[in-house]
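Undergrad: Have a look at the structure that comes next, please.
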Amino acid sequence: MQLVEKELVDLDTDINRYLSEPHHRIFHPNYSSHSITLRRLLSHSSSIAVDEGIQLSLYRPGDAAFEQSTLAETLFTNVNPNTSNWLPKPPGTVAFYSNDGSSLAGLVVERVANMPFDRYVKEKIMKPLSIDINKVGVRLADFSNREDLVKHYAYAFNASNLNEWTQGMPQLNVTQLSDNFPTWLYIPFFGFSTYPAGLFRMSAGSLSKFLQMFMNNGSVLLNPRSVAEMKMIVGGGLIPYYDPNGIASSSVIPLPSFGLSWNWQTLSDGRRYIGHSGSLPGSRHWMLVNANNTVGVIVLTNGDSNVPIQNQQQHDQQDSCIVVDGINWFYYWDIETLRFGLNYQARSDDLFIVTYPKSGTTWMKTIVYTLLTNGQPFDLDNKDFFERFPYLELDDEQAIITMRRPGALRSHLPMNRIPYNSQAKYICVIRNPKDVCVSYYAFYNTWGGVHRLNFNEFFERFIQGRLPFNDYFECLQLTWERRNDANVLLVSYEEMKSDIQTVIQKVSKLKKVNMSC
């Protein structure tokens with residue numbers, strides 16, 4: 001925006017005018033008449049969509065990335081009309097977050113200002129804000145003492161998580177800190193040539209000076225009109241987010257509305273905030289301001305639980321799944337209910353029914369309920385039945401806290417993620433994988449908002465552990481390892497079919513479980 005104020009660039013002019021690369025023109029291969037402009041780059045409406053696998057491949061240990069390729073070389077390789085890294089929509093008609101679009105705007109700054117982007121930021125932004133430029137930088141070589149930099153870690157809940165980290169970025173030599181799971185993973189310092197998208201290293205204190213400038217309408221850096229334009233939603237809110245399968249729009253995470261590099265989001269209670277967030281392997285960050293411009297918040301972390309996914313986006317629209325704290329989670333399910341379930345403090349009188357989906361949950365619940373009620377008939381509305389058996393990770397916090405007791409907490413979480421209390425009791429039901437897969441397939445395709453799968457497609461996801469509630473075989477192993485615990489009863493669906501009386505007797509005799517009303 002400083003360059004806009006000096007009339008050195010125009011937000012709505014084709015960026016090729018500023019790049020001055022006659023042999024490397026940037027344009028959409030199918031919509032060449034729709035210019036790529038700074039406004040479209042900064043509002044993520046340029047239709048640039050570089051595959052995430054390509055982005056992961058750019059990460060290099062230390063400063064090696066800057067020795068192998070320049071910002072311009074990388075962008076002209078990945079963002080050109082001869083690649084498939086474009087949405088099937090004209091620029092300016094849809095929004096889709098693009099790191100490479102942001103980096104391309106940084107390249108425009110380089111060409112117009114005739115200096116590297118990182119140097120421009122230091123000289124024209126950091127210095128005027130009285131930020132010590134010796135304590136900010138992109139390259140490790142920018143810092144005289146690397147001990148000032150915090151190390152980066154990721155959390156692996158299981159071996160599958162570890163494999164996703166090591167296979168997704170083999171060049172970074174990610175290592176686990178413990179042989180047992182869950183464990184932290186150490187991610188060595190790394191860099192990437194498209195650094196304007198998010199590689200400036202600085203403290204929260206330094207970043208706060210930049211945020212204060214923004215909240216103070218530009219302070220010493222910008223004209224208030226420039227800040228107002230940055231806040232203005234491009235397209236008046238009429239540019240839809242690119243979401244062909246309707247999955248992102250059904251997520252509990254609200255879709256953003258894009259200004260110029262700053263994004264607006266509206267919470268479910270109507271409150272709005274503007275800011276920016278992002279993540280890199282081993283770090284996550286947020287910089288937010290409320291709509292009244294009275295409160296600014298910065299959160300910088302050096303821990304990460306998102307696993308990299310090679311050659312597909314983290315929110316794979318075909319899978320309908322996201323990964324939340326190591327759990328494969330459906331897009332429109334409430335993330336906070338999952339986290340409440342994971343952090344629930346098990347009581348000594350708790351009874352858990354733990355199953356993989358379609359393994360006999362309802363059948364076991366009915367057995368337990370019948371024992372609790374001495375075989376009394378169900379209410380017509382089944383109200384008592386459901387109030388005694390909430391889902392730990394799917395029902396809201398109130399349902400768990402106010403559940404009628406005695407009852408049981410149902411859960412499809414892996415056994416190593418179920419809240420533990422040595423006095424609590426755990427009934428685990430397992431079922432053979434063929435029947436689980438077939439039943440889960442039929443059930444899955446009844447869910448609203450999913451990408452409908454044929455059986456072959458579903459089977460591949462089942463085998464690969466890419467369905468809600470994680471890998472069946474890993475969950476089975478985790479349950480099997482607990483089969484001899486004194487407070488665990490393990491039964492199979494097949495056993496329930498062949499000898500239900502014995503199963504009922506086992507449940508009724510489970511140690512210290514009160515089966516009377």
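Residue numbering restarts at 1 in every chain; chains get A, B, ... in the order shown in the structure tokens, and ligands count up from 1 in that same order.
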Tell me, which residues of range 18-230 of chain A carry DSSP strand (DSSP E), written as a PyMOL selection string?
TA: chain A and resi 60-61+152-156+175-176+183-187+190-191
Undergrad: Find the spatial neighbours of Tyr241 in chain A, counting only C-alpha atoms, within a cut-off of 8 Å - ignore same-chain residues fewer than 6 positions away - and output them as a list in words.
TA: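 Once the adjacent positions are removed, what remains is Val94, Ala95, Phe96 and Leu255 of chain A.
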Undergrad: Produce a file of the selected residues containing C-alpha atoms, as a tab-separated table (two decimals), in the first residue's frame.
TA:
chain	number	residue	atom	x	y	z
A	94	VAL	CA	-14.12	-16.87	-6.84
A	95	ALA	CA	-11.99	-16.71	-3.70
A	96	PHE	CA	-9.52	-19.41	-2.68
A	255	LEU	CA	-15.49	-19.05	5.76
Undergrad: Report the distance between CA of Ile322 in chain A and CA of Leu300 in chain A in Å, rounded to one decimal place.
TA: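 Computing it gives 22.2 Å between the two atoms.
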Undergrad: Might you pull out every residue within 6 Å of Gly259 in chain A, with only C-alpha atoms counted and same-chain residues fewer than 3 positions away left off, and present them as number ranges by chain?
TA: A: 43, 230-234, 262-263
Undergrad: Report as a list of chain:residue names all protein, DNA and RNA residues lying within 12 Å of Ser102 in chain A, evaluated on only C-alpha atoms, omitting residues in the same chain fewer than 6 positions from it.
TA: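 Once the adjacent positions are removed, what remains is A:Thr37, A:Leu38, A:Arg39, A:Arg40, A:Leu41, A:Leu42, A:Ser43, A:His44, A:Ser45, A:Ser46, A:Ile48, A:Ala49, A:Val50, A:Leu71, A:Leu75, A:Val79, A:Phe96, A:Val108, A:Val109, A:Phe117, A:Thr194, A:Tyr195, A:Pro196, A:Ala197, A:Gly198, A:Leu260, A:Ser261, A:Trp262.
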Undergrad: Pick out the residues sitting within 8 Å of Pro61 in chain A, and hand them over as an mmCIF file with C-alpha atoms, in the first residue's frame; count only C-alpha atoms, and ignore anything fewer than 2 positions along from it in its own chain.
TA:
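Ended up saving to out01.cif:
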data_model
loop_
_atom_site.group_PDB
_atom_site.id
_atom_site.type_symbol
_atom_site.label_atom_id
_atom_site.label_comp_id
_atom_site.auth_asym_id
_atom_site.auth_seq_id
_atom_site.Cartn_x
_atom_site.Cartn_y
_atom_site.Cartn_z
ATOM 1 C CA TYR A 59 10.863 -26.701 2.265
ATOM 2 C CA ASP A 63 18.904 -21.685 4.348
ATOM 3 C CA ALA A 64 19.406 -24.191 1.514
ATOM 4 C CA ALA A 65 16.175 -23.141 -0.225
ATOM 5 C CA GLN A 171 13.924 -33.677 3.209
ATOM 6 C CA LEU A 172 13.491 -32.107 6.659
ATOM 7 C CA PRO A 188 14.668 -28.732 12.270
ATOM 8 C CA PHE A 189 14.790 -25.120 11.094
ATOM 9 C CA PHE A 190 13.933 -24.784 7.433
ATOM 10 C CA GLY A 191 13.212 -22.182 4.777
#
Undergrad: Could you pull out the alpha helix (DSSP H) residues of range 30-184 of chain A from DSSP and send them as a ChimeraX atom specification?
TA: /A:38-42,52-57,64-68,71-78,99-113,117-121,159-168
Undergrad: Once you have the residues from the selection above, write them out as a compact mmCIF listing (two decimals), in the first residue's frame, restricted to N, CA and C atoms.
TA:
# COMPACT_ATOMS: atom_id res chain seq x y z
N LEU A 38 -2.92 -6.94 -8.48
CA LEU A 38 -2.57 -6.95 -7.06
C LEU A 38 -3.80 -7.11 -6.18
N ARG A 39 -4.90 -6.48 -6.56
CA ARG A 39 -6.11 -6.60 -5.75
C ARG A 39 -6.57 -8.06 -5.68
N ARG A 40 -6.48 -8.74 -6.84
CA ARG A 40 -6.89 -10.13 -6.85
C ARG A 40 -5.91 -11.03 -6.11
N LEU A 41 -4.63 -10.73 -6.18
CA LEU A 41 -3.65 -11.50 -5.42
C LEU A 41 -3.86 -11.33 -3.92
N LEU A 42 -4.04 -10.09 -3.49
CA LEU A 42 -4.14 -9.80 -2.06
C LEU A 42 -5.48 -10.23 -1.47
N GLU A 52 -0.62 -28.57 -2.92
CA GLU A 52 0.10 -28.53 -1.64
C GLU A 52 1.34 -29.39 -1.65
N GLY A 53 1.32 -30.46 -2.44
CA GLY A 53 2.50 -31.30 -2.53
C GLY A 53 3.69 -30.53 -3.07
N ILE A 54 3.44 -29.62 -4.01
CA ILE A 54 4.51 -28.77 -4.55
C ILE A 54 5.03 -27.84 -3.46
N GLN A 55 4.11 -27.27 -2.69
CA GLN A 55 4.53 -26.36 -1.63
C GLN A 55 5.38 -27.08 -0.59
N LEU A 56 4.98 -28.30 -0.20
CA LEU A 56 5.75 -29.05 0.78
C LEU A 56 7.16 -29.36 0.26
N SER A 57 7.26 -29.60 -1.04
CA SER A 57 8.56 -29.96 -1.62
C SER A 57 9.55 -28.80 -1.61
N ALA A 64 19.10 -23.57 2.81
CA ALA A 64 19.41 -24.19 1.51
C ALA A 64 18.43 -23.77 0.42
N ALA A 65 17.18 -23.50 0.78
CA ALA A 65 16.18 -23.14 -0.23
C ALA A 65 16.56 -21.88 -0.98
N PHE A 66 17.19 -20.95 -0.29
CA PHE A 66 17.54 -19.66 -0.91
C PHE A 66 18.75 -19.78 -1.83
N GLU A 67 19.52 -20.85 -1.64
CA GLU A 67 20.66 -21.09 -2.51
C GLU A 67 20.25 -21.83 -3.77
N GLN A 68 19.13 -22.54 -3.70
CA GLN A 68 18.70 -23.38 -4.82
C GLN A 68 17.81 -22.65 -5.81
N LEU A 71 13.02 -16.32 -5.42
CA LEU A 71 11.57 -16.13 -5.37
C LEU A 71 10.99 -16.11 -6.78
N ALA A 72 11.61 -15.36 -7.66
CA ALA A 72 11.10 -15.23 -9.03
C ALA A 72 11.15 -16.57 -9.76
N GLU A 73 12.26 -17.29 -9.63
CA GLU A 73 12.40 -18.56 -10.34
C GLU A 73 11.33 -19.56 -9.91
N THR A 74 11.08 -19.63 -8.60
CA THR A 74 10.08 -20.57 -8.10
C THR A 74 8.68 -20.20 -8.58
N LEU A 75 8.35 -18.92 -8.51
CA LEU A 75 7.00 -18.50 -8.90
C LEU A 75 6.78 -18.66 -10.40
N PHE A 76 7.76 -18.31 -11.21
CA PHE A 76 7.59 -18.45 -12.66
C PHE A 76 7.53 -19.93 -13.07
N THR A 77 8.06 -20.81 -12.21
CA THR A 77 7.96 -22.24 -12.47
C THR A 77 6.58 -22.78 -12.12
N ASN A 78 6.06 -22.36 -10.96
CA ASN A 78 4.81 -22.93 -10.45
C ASN A 78 3.56 -22.17 -10.85
N ASN A 99 -1.19 -19.14 -1.02
CA ASN A 99 0.11 -18.66 -0.55
C ASN A 99 0.94 -18.12 -1.70
N ASP A 100 0.87 -18.78 -2.85
CA ASP A 100 1.68 -18.35 -3.98
C ASP A 100 1.18 -17.02 -4.53
N GLY A 101 -0.12 -16.75 -4.41
CA GLY A 101 -0.63 -15.45 -4.80
C GLY A 101 -0.03 -14.35 -3.95
N SER A 102 0.07 -14.60 -2.64
CA SER A 102 0.69 -13.62 -1.74
C SER A 102 2.16 -13.42 -2.07
N SER A 103 2.86 -14.51 -2.37
CA SER A 103 4.27 -14.41 -2.72
C SER A 103 4.47 -13.66 -4.03
N LEU A 104 3.53 -13.83 -4.95
CA LEU A 104 3.61 -13.12 -6.23
C LEU A 104 3.47 -11.62 -6.01
N ALA A 105 2.61 -11.22 -5.07
CA ALA A 105 2.51 -9.80 -4.72
C ALA A 105 3.84 -9.31 -4.15
N GLY A 106 4.51 -10.16 -3.36
CA GLY A 106 5.82 -9.81 -2.83
C GLY A 106 6.84 -9.61 -3.94
N LEU A 107 6.73 -10.43 -5.01
CA LEU A 107 7.65 -10.27 -6.14
C LEU A 107 7.42 -8.95 -6.86
N VAL A 108 6.17 -8.52 -6.94
CA VAL A 108 5.87 -7.21 -7.53
C VAL A 108 6.57 -6.11 -6.73
N VAL A 109 6.52 -6.21 -5.41
CA VAL A 109 7.20 -5.22 -4.56
C VAL A 109 8.69 -5.22 -4.86
N GLU A 110 9.28 -6.40 -5.00
CA GLU A 110 10.71 -6.48 -5.31
C GLU A 110 11.04 -5.73 -6.60
N ARG A 111 10.24 -5.98 -7.64
CA ARG A 111 10.56 -5.40 -8.94
C ARG A 111 10.35 -3.89 -8.94
N VAL A 112 9.28 -3.42 -8.31
CA VAL A 112 8.99 -1.98 -8.33
C VAL A 112 9.94 -1.22 -7.41
N ALA A 113 10.23 -1.77 -6.23
CA ALA A 113 11.10 -1.09 -5.28
C ALA A 113 12.58 -1.31 -5.57
N PHE A 117 12.43 -8.42 -1.26
CA PHE A 117 11.24 -8.17 -0.46
C PHE A 117 11.57 -8.11 1.03
N ASP A 118 12.41 -9.02 1.52
CA ASP A 118 12.70 -9.01 2.95
C ASP A 118 13.43 -7.74 3.35
N ARG A 119 14.30 -7.24 2.47
CA ARG A 119 14.98 -5.98 2.79
C ARG A 119 13.98 -4.82 2.78
N TYR A 120 13.05 -4.84 1.84
CA TYR A 120 12.03 -3.78 1.82
C TYR A 120 11.25 -3.76 3.13
N VAL A 121 10.85 -4.93 3.59
CA VAL A 121 10.07 -5.00 4.84
C VAL A 121 10.88 -4.44 6.01
N ALA A 159 1.57 -43.92 15.01
CA ALA A 159 2.56 -44.18 13.97
C ALA A 159 2.13 -43.63 12.63
N SER A 160 0.83 -43.59 12.37
CA SER A 160 0.35 -43.04 11.10
C SER A 160 0.69 -41.56 10.99
N ASN A 161 0.52 -40.83 12.10
CA ASN A 161 0.90 -39.41 12.11
C ASN A 161 2.37 -39.24 11.80
N LEU A 162 3.21 -40.07 12.44
CA LEU A 162 4.65 -39.99 12.22
C LEU A 162 4.98 -40.22 10.75
N ASN A 163 4.35 -41.22 10.14
CA ASN A 163 4.61 -41.53 8.74
C ASN A 163 4.19 -40.37 7.84
N GLU A 164 3.09 -39.72 8.18
CA GLU A 164 2.63 -38.60 7.35
C GLU A 164 3.62 -37.45 7.40
N TRP A 165 4.22 -37.22 8.57
CA TRP A 165 5.21 -36.16 8.69
C TRP A 165 6.48 -36.53 7.93
N THR A 166 6.98 -37.74 8.14
CA THR A 166 8.25 -38.13 7.54
C THR A 166 8.13 -38.35 6.04
N GLN A 167 6.99 -38.86 5.58
CA GLN A 167 6.80 -39.09 4.15
C GLN A 167 6.39 -37.81 3.42
N GLY A 168 5.68 -36.93 4.13
CA GLY A 168 5.25 -35.68 3.50
C GLY A 168 6.41 -34.71 3.29
Undergrad: Near Gln265 in chain A, counting only C-alpha atoms, which residues have an atom at most 6 Å away, once you skip same-chain residues fewer than 2 positions from it, shown as a list in words?
TA: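 Listing them by chain and then by number gives Pro256, Arg272 and Tyr273 of chain A.
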Undergrad: Using only C-alpha atoms, please write the residues we just selected to a file, as a compact mmCIF listing (two decimals), in the first residue's frame.
TA:
# COMPACT_ATOMS: atom_id res chain seq x y z
CA PRO A 256 -13.46 -15.85 5.50
CA ARG A 272 -16.84 -10.22 13.72
CA TYR A 273 -13.09 -9.90 13.69
Undergrad: What's the 9 Å shell around Val150 in chain A, counting only C-alpha atoms, without same-chain residues fewer than 3 positions away, as number ranges by chain?
TA: A: 146-147, 302
Undergrad: Rounded to one decimal in Å, what is the spacing between CA of Ser47 in chain A and CA of Gly235 in chain A?
TA: 14.7 Å
Undergrad: Rounded to one decimal in Å, what is the spacing between CA of Ala228 in chain A and CA of Leu211 in chain A?
TA: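 Separating CA of Ala228 in chain A from CA of Leu211 in chain A is a distance of 14.5 Å.
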Undergrad: For each of A:Val368, A:Phe455, A:Trp329, A:Met415, take the minimum atom-to-atom distance to Gln505 in chain A, counting only C-alpha atoms, then give the residue where this is smallest.
TA: A:Val368
Undergrad: Determine the nearest neighbour of Val136 in chain A from the options A:Ser69, A:Thr402, A:Ser206, A:Asn343, counting only C-alpha atoms.
TA: A:Ser206
Undergrad: Between A:Phe462, A:Tyr97, A:Trp86, A:Phe210, single out the one closest to Pro128 in chain A, counting only C-alpha atoms.
TA: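 Nearest to Pro128 in chain A: A:Phe210.
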